[in-house]
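Undergrad: Enclosed is the structure file my_file07.cif (mmCIF, C-alpha atoms and all ligand atoms).
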data_upload
loop_
_atom_site.group_PDB
_atom_site.id
_atom_site.type_symbol
_atom_site.label_atom_id
_atom_site.label_comp_id
_atom_site.auth_asym_id
_atom_site.auth_seq_id
_atom_site.Cartn_x
_atom_site.Cartn_y
_atom_site.Cartn_z
ATOM 1 C CA MET A 1 2.499 27.681 10.006
ATOM 2 C CA ASN A 2 1.688 27.303 6.312
ATOM 3 C CA THR A 3 -1.142 24.934 5.487
ATOM 4 C CA PRO A 4 0.262 22.191 3.264
ATOM 5 C CA LYS A 5 -0.784 22.717 -0.326
ATOM 6 C CA ASP A 6 -0.952 20.955 -3.625
ATOM 7 C CA THR A 7 0.152 23.304 -6.399
ATOM 8 C CA PRO A 8 0.608 23.173 -10.194
ATOM 9 C CA ARG A 9 4.333 22.690 -9.503
ATOM 10 C CA HIS A 10 3.560 19.524 -7.542
ATOM 11 C CA GLN A 11 1.259 18.380 -10.364
ATOM 12 C CA GLY A 12 4.103 18.905 -12.833
ATOM 13 C CA LEU A 13 6.458 16.798 -10.710
ATOM 14 C CA ARG A 14 3.796 14.075 -10.466
ATOM 15 C CA ASN A 15 3.426 14.025 -14.246
ATOM 16 C CA GLN A 16 7.200 13.506 -14.524
ATOM 17 C CA LEU A 17 7.022 10.703 -11.962
ATOM 18 C CA VAL A 18 4.284 9.014 -14.001
ATOM 19 C CA GLN A 19 6.568 9.138 -17.065
ATOM 20 C CA ILE A 20 9.317 7.414 -15.036
ATOM 21 C CA LEU A 21 6.851 4.717 -13.931
ATOM 22 C CA ILE A 22 5.839 4.131 -17.568
ATOM 23 C CA GLN A 23 9.525 3.791 -18.521
ATOM 24 C CA LYS A 24 9.969 1.273 -15.703
ATOM 25 C CA GLY A 25 7.148 -0.867 -17.096
ATOM 26 C CA ILE A 26 3.913 0.154 -15.337
ATOM 27 C CA LYS A 27 1.086 -0.133 -17.880
ATOM 28 C CA ASP A 28 -2.258 -0.015 -16.067
ATOM 29 C CA GLU A 29 -3.814 3.349 -16.958
ATOM 30 C CA ASN A 30 -5.859 3.488 -13.762
ATOM 31 C CA VAL A 31 -2.786 2.907 -11.610
ATOM 32 C CA LEU A 32 -0.849 5.610 -13.469
ATOM 33 C CA LYS A 33 -3.800 7.990 -13.172
ATOM 34 C CA ALA A 34 -4.013 7.403 -9.415
ATOM 35 C CA LEU A 35 -0.285 7.985 -8.849
ATOM 36 C CA GLY A 36 -0.616 11.095 -10.992
ATOM 37 C CA LYS A 37 -3.310 12.406 -8.668
ATOM 38 C CA VAL A 38 -2.369 11.541 -5.078
ATOM 39 C CA PRO A 39 -0.290 14.339 -3.487
ATOM 40 C CA ARG A 40 2.556 12.175 -2.128
ATOM 41 C CA HIS A 41 4.300 15.211 -0.604
ATOM 42 C CA LEU A 42 1.396 15.607 1.828
ATOM 43 C CA PHE A 43 2.033 12.098 3.199
ATOM 44 C CA MET A 44 5.668 12.898 4.026
ATOM 45 C CA ASP A 45 7.592 15.051 6.470
ATOM 46 C CA SER A 46 7.585 18.617 5.134
ATOM 47 C CA ALA A 47 11.405 18.653 5.368
ATOM 48 C CA LEU A 48 11.445 16.049 2.585
ATOM 49 C CA GLU A 49 8.904 17.830 0.403
ATOM 50 C CA SER A 50 11.320 18.646 -2.387
ATOM 51 C CA HIS A 51 12.080 14.922 -2.752
ATOM 52 C CA ALA A 52 8.492 13.661 -2.691
ATOM 53 C CA TYR A 53 8.286 12.961 -6.429
ATOM 54 C CA GLU A 54 11.575 11.115 -6.713
ATOM 55 C CA ASP A 55 11.056 7.414 -7.248
ATOM 56 C CA LYS A 56 12.435 6.521 -3.831
ATOM 57 C CA ALA A 57 11.293 5.289 -0.424
ATOM 58 C CA PHE A 58 11.649 7.822 2.421
ATOM 59 C CA PRO A 59 11.566 7.633 6.207
ATOM 60 C CA ILE A 60 8.310 8.371 8.043
ATOM 61 C CA ALA A 61 7.634 8.221 11.805
ATOM 62 C CA ALA A 62 8.361 5.153 13.984
ATOM 63 C CA GLU A 63 11.381 4.154 11.864
ATOM 64 C CA GLN A 64 9.141 3.078 8.997
ATOM 65 C CA THR A 65 9.121 4.114 5.344
ATOM 66 C CA ILE A 66 6.746 5.379 2.697
ATOM 67 C CA SER A 67 7.173 2.870 -0.148
ATOM 68 C CA GLN A 68 8.868 3.808 -3.408
ATOM 69 C CA PRO A 69 6.268 4.960 -5.990
ATOM 70 C CA TYR A 70 7.368 2.211 -8.402
ATOM 71 C CA THR A 71 6.717 -0.405 -5.713
ATOM 72 C CA VAL A 72 3.308 1.107 -4.928
ATOM 73 C CA ALA A 73 2.439 1.096 -8.640
ATOM 74 C CA PHE A 74 3.765 -2.448 -9.164
ATOM 75 C CA GLN A 75 1.845 -3.928 -6.230
ATOM 76 C CA THR A 76 -1.315 -2.001 -7.102
ATOM 77 C CA GLU A 77 -1.140 -3.177 -10.715
ATOM 78 C CA LEU A 78 -0.930 -6.790 -9.510
ATOM 79 C CA LEU A 79 -4.153 -6.364 -7.515
ATOM 80 C CA SER A 80 -6.141 -5.691 -10.764
ATOM 81 C CA ILE A 81 -8.562 -3.410 -8.958
ATOM 82 C CA LYS A 82 -12.048 -2.669 -10.206
ATOM 83 C CA LYS A 83 -14.228 0.117 -8.793
ATOM 84 C CA GLY A 84 -15.986 -1.018 -5.644
ATOM 85 C CA ASN A 85 -13.530 -3.859 -4.900
ATOM 86 C CA LYS A 86 -12.949 -4.553 -1.228
ATOM 87 C CA ILE A 87 -9.218 -4.320 -0.505
ATOM 88 C CA LEU A 88 -7.363 -5.071 2.738
ATOM 89 C CA GLU A 89 -3.993 -3.389 3.220
ATOM 90 C CA ILE A 90 -1.485 -4.612 5.817
ATOM 91 C CA GLY A 91 0.850 -1.784 6.917
ATOM 92 C CA THR A 92 -0.956 1.576 6.653
ATOM 93 C CA GLY A 93 2.253 3.526 7.310
ATOM 94 C CA SER A 94 1.876 7.042 5.884
ATOM 95 C CA GLY A 95 -1.481 6.215 4.289
ATOM 96 C CA TYR A 96 -0.146 6.901 0.782
ATOM 97 C CA GLN A 97 -0.845 3.414 -0.587
ATOM 98 C CA SER A 98 -4.360 3.541 0.920
ATOM 99 C CA ALA A 99 -4.955 6.864 -0.861
ATOM 100 C CA VAL A 100 -3.865 5.359 -4.197
ATOM 101 C CA LEU A 101 -6.307 2.455 -3.705
ATOM 102 C CA ILE A 102 -9.147 4.810 -2.730
ATOM 103 C CA GLU A 103 -8.363 7.037 -5.730
ATOM 104 C CA MET A 104 -8.972 3.928 -7.890
ATOM 105 C CA GLY A 105 -12.396 3.424 -6.360
ATOM 106 C CA ALA A 106 -11.520 0.613 -3.952
ATOM 107 C CA LEU A 107 -13.193 0.204 -0.569
ATOM 108 C CA VAL A 108 -10.147 0.133 1.681
ATOM 109 C CA TYR A 109 -9.607 -1.560 5.041
ATOM 110 C CA THR A 110 -6.109 -0.951 6.390
ATOM 111 C CA ILE A 111 -4.215 -2.234 9.433
ATOM 112 C CA GLU A 112 -1.196 -0.726 11.190
ATOM 113 C CA ARG A 113 0.617 -2.091 14.249
ATOM 114 C CA GLN A 114 2.479 1.100 15.250
ATOM 115 C CA ASN A 115 0.124 3.214 17.291
ATOM 116 C CA GLU A 116 1.811 6.468 16.305
ATOM 117 C CA LEU A 117 1.402 5.781 12.578
ATOM 118 C CA TYR A 118 -2.119 4.432 13.021
ATOM 119 C CA LYS A 119 -3.185 7.667 14.726
ATOM 120 C CA LEU A 120 -1.477 9.904 12.155
ATOM 121 C CA ALA A 121 -2.959 8.074 9.141
ATOM 122 C CA LYS A 122 -6.444 7.961 10.642
ATOM 123 C CA ILE A 123 -6.442 11.765 10.741
ATOM 124 C CA ALA A 124 -4.351 12.522 7.652
ATOM 125 C CA LEU A 125 -6.354 10.478 5.118
ATOM 126 C CA PRO A 126 -9.809 12.068 5.616
ATOM 127 C CA LYS A 127 -8.173 15.512 5.882
ATOM 128 C CA LEU A 128 -6.964 15.021 2.313
ATOM 129 C CA GLY A 129 -10.362 13.736 1.213
ATOM 130 C CA TYR A 130 -9.500 10.019 1.307
ATOM 131 C CA ARG A 131 -11.957 7.964 3.321
ATOM 132 C CA PRO A 132 -10.974 4.376 4.022
ATOM 133 C CA LYS A 133 -13.797 2.111 5.220
ATOM 134 C CA ARG A 134 -11.661 1.342 8.284
ATOM 135 C CA VAL A 135 -8.217 2.195 9.634
ATOM 136 C CA LYS A 136 -7.461 -0.436 12.240
ATOM 137 C CA PHE A 137 -4.800 -0.670 14.930
ATOM 138 C CA GLY A 138 -3.705 -4.273 15.108
ATOM 139 C CA ASP A 139 -1.570 -7.150 13.901
ATOM 140 C CA GLY A 140 -1.687 -7.654 10.158
ATOM 141 C CA TYR A 141 -0.623 -11.311 10.482
ATOM 142 C CA LEU A 142 -4.234 -11.949 11.499
ATOM 143 C CA GLY A 143 -5.777 -10.005 8.624
ATOM 144 C CA CYS A 144 -9.227 -8.632 9.418
ATOM 145 C CA GLU A 145 -11.810 -11.395 9.668
ATOM 146 C CA GLU A 146 -14.564 -8.924 10.543
ATOM 147 C CA PHE A 147 -14.891 -7.603 6.963
ATOM 148 C CA ALA A 148 -13.665 -10.676 5.024
ATOM 149 C CA PRO A 149 -13.741 -11.908 2.299
ATOM 150 C CA TYR A 150 -11.727 -9.422 0.196
ATOM 151 C CA ASP A 151 -11.226 -9.025 -3.552
ATOM 152 C CA GLY A 152 -7.605 -8.205 -2.837
ATOM 153 C CA ILE A 153 -5.083 -8.080 0.002
ATOM 154 C CA ILE A 154 -1.850 -6.087 -0.237
ATOM 155 C CA VAL A 155 0.978 -6.449 2.264
ATOM 156 C CA THR A 156 3.340 -3.460 2.325
ATOM 157 C CA ALA A 157 6.012 -4.912 4.632
ATOM 158 C CA GLY A 158 8.366 -7.862 4.117
ATOM 159 C CA ALA A 159 6.749 -11.032 5.448
ATOM 160 C CA PRO A 160 9.075 -13.850 6.565
ATOM 161 C CA LEU A 161 6.191 -16.234 5.780
ATOM 162 C CA VAL A 162 2.746 -16.040 4.201
ATOM 163 C CA PRO A 163 0.181 -15.581 6.979
ATOM 164 C CA LYS A 164 -2.546 -18.249 6.559
ATOM 165 C CA PRO A 165 -5.405 -15.953 7.625
ATOM 166 C CA LEU A 166 -4.663 -13.689 4.643
ATOM 167 C CA LEU A 167 -5.161 -16.560 2.184
ATOM 168 C CA ASN A 168 -8.321 -17.620 4.033
ATOM 169 C CA GLN A 169 -9.784 -14.112 3.861
ATOM 170 C CA LEU A 170 -9.654 -13.908 0.038
ATOM 171 C CA LYS A 171 -12.752 -14.317 -2.119
ATOM 172 C CA VAL A 172 -12.560 -17.011 -4.783
ATOM 173 C CA GLY A 173 -10.942 -15.069 -7.642
ATOM 174 C CA GLY A 174 -9.281 -12.734 -5.123
ATOM 175 C CA ARG A 175 -5.583 -11.837 -5.088
ATOM 176 C CA LEU A 176 -2.949 -11.532 -2.367
ATOM 177 C CA VAL A 177 0.122 -9.438 -3.222
ATOM 178 C CA ILE A 178 2.848 -10.022 -0.660
ATOM 179 C CA PRO A 179 6.627 -9.535 -0.532
ATOM 180 C CA VAL A 180 7.982 -12.725 1.064
ATOM 181 C CA GLY A 181 11.415 -13.103 2.659
ATOM 182 C CA GLU A 182 13.690 -11.968 5.492
ATOM 183 C CA ASN A 183 16.337 -9.569 4.121
ATOM 184 C CA ILE A 184 15.279 -9.394 0.505
ATOM 185 C CA GLN A 185 11.710 -10.212 -0.472
ATOM 186 C CA MET A 186 10.251 -11.964 -3.485
ATOM 187 C CA MET A 187 7.113 -10.186 -4.674
ATOM 188 C CA THR A 188 4.547 -12.951 -4.713
ATOM 189 C CA LEU A 189 1.051 -13.022 -6.181
ATOM 190 C CA PHE A 190 -1.453 -15.611 -4.954
ATOM 191 C CA GLU A 191 -4.821 -16.046 -6.617
ATOM 192 C CA ARG A 192 -7.591 -18.068 -5.009
ATOM 193 C CA VAL A 193 -8.900 -20.169 -7.878
ATOM 194 C CA SER A 194 -11.339 -22.201 -5.773
ATOM 195 C CA GLU A 195 -12.231 -22.605 -2.118
ATOM 196 C CA LYS A 196 -9.163 -24.816 -1.594
ATOM 197 C CA GLU A 197 -6.790 -23.971 -4.465
ATOM 198 C CA PHE A 198 -4.376 -21.096 -4.947
ATOM 199 C CA THR A 199 -2.015 -20.263 -7.793
ATOM 200 C CA LYS A 200 1.307 -18.601 -6.962
ATOM 201 C CA ILE A 201 3.545 -16.450 -9.177
ATOM 202 C CA GLU A 202 6.865 -14.848 -8.199
ATOM 203 C CA LEU A 203 7.614 -11.449 -9.724
ATOM 204 C CA GLY A 204 11.077 -10.291 -8.695
ATOM 205 C CA GLU A 205 12.996 -9.044 -5.698
ATOM 206 C CA PHE A 206 12.191 -6.001 -3.580
ATOM 207 C CA ARG A 207 13.311 -4.602 -0.236
ATOM 208 C CA PHE A 208 10.757 -3.721 2.454
ATOM 209 C CA VAL A 209 10.804 -2.940 6.165
ATOM 210 C CA PRO A 210 9.853 -6.135 8.043
ATOM 211 C CA LEU A 211 6.329 -7.255 8.865
ATOM 212 C CA LEU A 212 6.782 -7.437 12.616
ATOM 213 C CA LYS A 213 5.470 -10.246 14.697
ATOM 214 C CA ASP A 214 6.279 -9.321 18.277
ATOM 215 C CA LYS A 215 3.682 -8.036 20.726
ATOM 216 C CA LEU A 216 1.916 -4.745 20.039
HETATM 217 N N1 LIG B 1 1.799 1.343 2.852
HETATM 218 C C1 LIG B 1 2.707 2.201 3.540
HETATM 219 C C2 LIG B 1 4.076 1.558 3.661
HETATM 220 C C3 LIG B 1 4.501 1.556 5.077
HETATM 221 S S1 LIG B 1 5.921 0.582 5.468
HETATM 222 C C4 LIG B 1 2.781 3.571 2.902
HETATM 223 O O1 LIG B 1 2.218 3.757 1.818
HETATM 224 O O2 LIG B 1 3.366 4.475 3.489
HETATM 225 C C5 LIG B 1 5.174 -0.834 6.229
HETATM 226 C C6 LIG B 1 4.270 -0.600 7.409
HETATM 227 O O3 LIG B 1 3.898 -1.880 7.929
HETATM 228 C C7 LIG B 1 4.889 0.162 8.565
HETATM 229 O O4 LIG B 1 4.111 1.288 8.841
HETATM 230 C C8 LIG B 1 4.871 -0.842 9.722
HETATM 231 O O5 LIG B 1 4.665 -0.245 10.984
HETATM 232 C C9 LIG B 1 3.722 -1.749 9.323
HETATM 233 N N2 LIG B 1 3.761 -3.071 9.951
HETATM 234 C C10 LIG B 1 4.838 -3.825 10.289
HETATM 235 N N3 LIG B 1 4.447 -4.995 10.843
HETATM 236 C C11 LIG B 1 3.079 -4.984 10.865
HETATM 237 C C12 LIG B 1 2.078 -5.900 11.313
HETATM 238 N N4 LIG B 1 2.395 -7.079 11.878
HETATM 239 N N5 LIG B 1 0.785 -5.544 11.171
HETATM 240 C C13 LIG B 1 0.422 -4.351 10.601
HETATM 241 N N6 LIG B 1 1.330 -3.448 10.159
HETATM 242 C C14 LIG B 1 2.627 -3.742 10.291
#
Take the structure from the file and write it as structure tokens.
Ligand code: SAH

TA:
Amino acid sequence: MNTPKDTPRHQGLRNQLVQILIQKGIKDENVLKALGKVPRHLFMDSALESHAYEDKAFPIAAEQTISQPYTVAFQTELLSIKKGNKILEIGTGSGYQSAVLIEMGALVYTIERQNELYKLAKIALPKLGYRPKRVKFGDGYLGCEEFAPYDGIIVTAGAPLVPKPLLNQLKVGGRLVIPVGENIQMMTLFERVSEKEFTKIELGEFRFVPLLKDKL
């Protein structure tokens, strides 16, 4: 078996992808730099390798998807990450979004409810040099109280409602980026402006796999 590689050809395709993201309105230089660096093809099934730098979502294991690069960039931009920020991700999936956050210097805690994906990501990320603070198997509706509060929380699945624990686990000044809705989701940004107050902005429609609530 060939060991998966990152080559100048892949780098070239990533540079083209970054140009597409700029055309679609992504402005944050650090976000663009991170998407220009993370080898997305190594987070996908090798059969799909030739498609890895198209701006599309693709299937991964357990009937889930790796998010579209534009969506990853859009959500990451909304988090306004600074180096050393503590970020909680709900829905580890392939680990690609975690890698983008780590590339930007965030300390990443990530939760996945599908055991198969949890196990794969836990191995795949450090193999590629990306070391999250914690990859956790569990229910993202509960957040992760153990390491709270967070500078940012990003939900990468469509949430029928906004889980209260996620709002509670934000620092004052912290941001929650969450797609809310059943079939189509409204990208929603909450900012905790004081212990008890949150601002809310809606930023357009997206389509995600659902944030599942049934038993693990
Ligand atoms: N961030 C991922 C996107 C994965 S798709 C990536 O970059 O590849 C969304 C993920 O959310 C799926 O892996 C799904 O299994 C997971 N998920 C769904 N419901 C969840 C829940 N209640 N808690 C944690 N993860 C959940």

Undergrad: List, as a PyMOL selection string, every residue that the PyMOL selection byres (((chain A and resi 196-205) around 9) and not hetatm) selects in the file provided.

TA: chain A and resi 167+179+184-195+206-207

Undergrad: Give as a PDB file with C-alpha atoms, in the frame of the given file the residues surrounding ligand LIG 1 (chain B) up to a distance of 7 Å, considering all atoms listed in the file.

TA:
ATOM      1  CA  GLN A  64       9.141   3.078   8.997  1.00  0.00           C
ATOM      2  CA  THR A  65       9.121   4.114   5.344  1.00  0.00           C
ATOM      3  CA  ILE A  66       6.746   5.379   2.697  1.00  0.00           C
ATOM      4  CA  SER A  67       7.173   2.870  -0.148  1.00  0.00           C
ATOM      5  CA  ILE A  90      -1.485  -4.612   5.817  1.00  0.00           C
ATOM      6  CA  GLY A  91       0.850  -1.784   6.917  1.00  0.00           C
ATOM      7  CA  THR A  92      -0.956   1.576   6.653  1.00  0.00           C
ATOM      8  CA  GLY A  93       2.253   3.526   7.310  1.00  0.00           C
ATOM      9  CA  SER A  94       1.876   7.042   5.884  1.00  0.00           C
ATOM     10  CA  GLY A  95      -1.481   6.215   4.289  1.00  0.00           C
ATOM     11  CA  TYR A  96      -0.146   6.901   0.782  1.00  0.00           C
ATOM     12  CA  GLN A  97      -0.845   3.414  -0.587  1.00  0.00           C
ATOM     13  CA  SER A  98      -4.360   3.541   0.920  1.00  0.00           C
ATOM     14  CA  ILE A 111      -4.215  -2.234   9.433  1.00  0.00           C
ATOM     15  CA  GLU A 112      -1.196  -0.726  11.190  1.00  0.00           C
ATOM     16  CA  ARG A 113       0.617  -2.091  14.249  1.00  0.00           C
ATOM     17  CA  GLN A 114       2.479   1.100  15.250  1.00  0.00           C
ATOM     18  CA  LEU A 117       1.402   5.781  12.578  1.00  0.00           C
ATOM     19  CA  GLY A 138      -3.705  -4.273  15.108  1.00  0.00           C
ATOM     20  CA  ASP A 139      -1.570  -7.150  13.901  1.00  0.00           C
ATOM     21  CA  GLY A 140      -1.687  -7.654  10.158  1.00  0.00           C
ATOM     22  CA  TYR A 141      -0.623 -11.311  10.482  1.00  0.00           C
ATOM     23  CA  THR A 156       3.340  -3.460   2.325  1.00  0.00           C
ATOM     24  CA  ALA A 157       6.012  -4.912   4.632  1.00  0.00           C
ATOM     25  CA  VAL A 209      10.804  -2.940   6.165  1.00  0.00           C
ATOM     26  CA  PRO A 210       9.853  -6.135   8.043  1.00  0.00           C
ATOM     27  CA  LEU A 211       6.329  -7.255   8.865  1.00  0.00           C
ATOM     28  CA  LEU A 212       6.782  -7.437  12.616  1.00  0.00           C
ATOM     29  CA  LYS A 213       5.470 -10.246  14.697  1.00  0.00           C
TER      30      LYS A 213
END

Undergrad: With the file shown as input, list the residues that the PyMOL selection byres (((chain A and resi 75) around 10) and not hetatm) selects, as a PyMOL selection string.

TA: chain A and resi 31+69-74+76-80+97+154-156+176-179+187-189

Undergrad: Keeping only C-alpha atoms, write the selected residues as a short mmCIF file (atom, residue, chain, number, x, y, z; two decimals), in the coordinates of the input.

TA:
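The new file part_30.cif reads:
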data_model
loop_
_atom_site.label_atom_id
_atom_site.label_comp_id
_atom_site.auth_asym_id
_atom_site.auth_seq_id
_atom_site.Cartn_x
_atom_site.Cartn_y
_atom_site.Cartn_z
CA VAL A 31 -2.79 2.91 -11.61
CA PRO A 69 6.27 4.96 -5.99
CA TYR A 70 7.37 2.21 -8.40
CA THR A 71 6.72 -0.40 -5.71
CA VAL A 72 3.31 1.11 -4.93
CA ALA A 73 2.44 1.10 -8.64
CA PHE A 74 3.76 -2.45 -9.16
CA THR A 76 -1.32 -2.00 -7.10
CA GLU A 77 -1.14 -3.18 -10.72
CA LEU A 78 -0.93 -6.79 -9.51
CA LEU A 79 -4.15 -6.36 -7.52
CA SER A 80 -6.14 -5.69 -10.76
CA GLN A 97 -0.84 3.41 -0.59
CA ILE A 154 -1.85 -6.09 -0.24
CA VAL A 155 0.98 -6.45 2.26
CA THR A 156 3.34 -3.46 2.33
CA LEU A 176 -2.95 -11.53 -2.37
CA VAL A 177 0.12 -9.44 -3.22
CA ILE A 178 2.85 -10.02 -0.66
CA PRO A 179 6.63 -9.54 -0.53
CA MET A 187 7.11 -10.19 -4.67
CA THR A 188 4.55 -12.95 -4.71
CA LEU A 189 1.05 -13.02 -6.18
#

Undergrad: Using the chain letters and numbers from this file, what does the PyMOL selection byres (((chain A and resi 46) around 12) and not hetatm) select? Give the answer as a ChimeraX atom specification.

TA: /A:1-5,40-45,47-52,58-60

Undergrad: Need to verify the contact set: Gly12 in chain A, 12 Å, only C-alpha atoms, exclusion of same-chain residues closer than 4 positions in sequence. Can you return it as a PyMOL selection string?

TA: chain A and resi 6-8+16-19+36-37+39+53
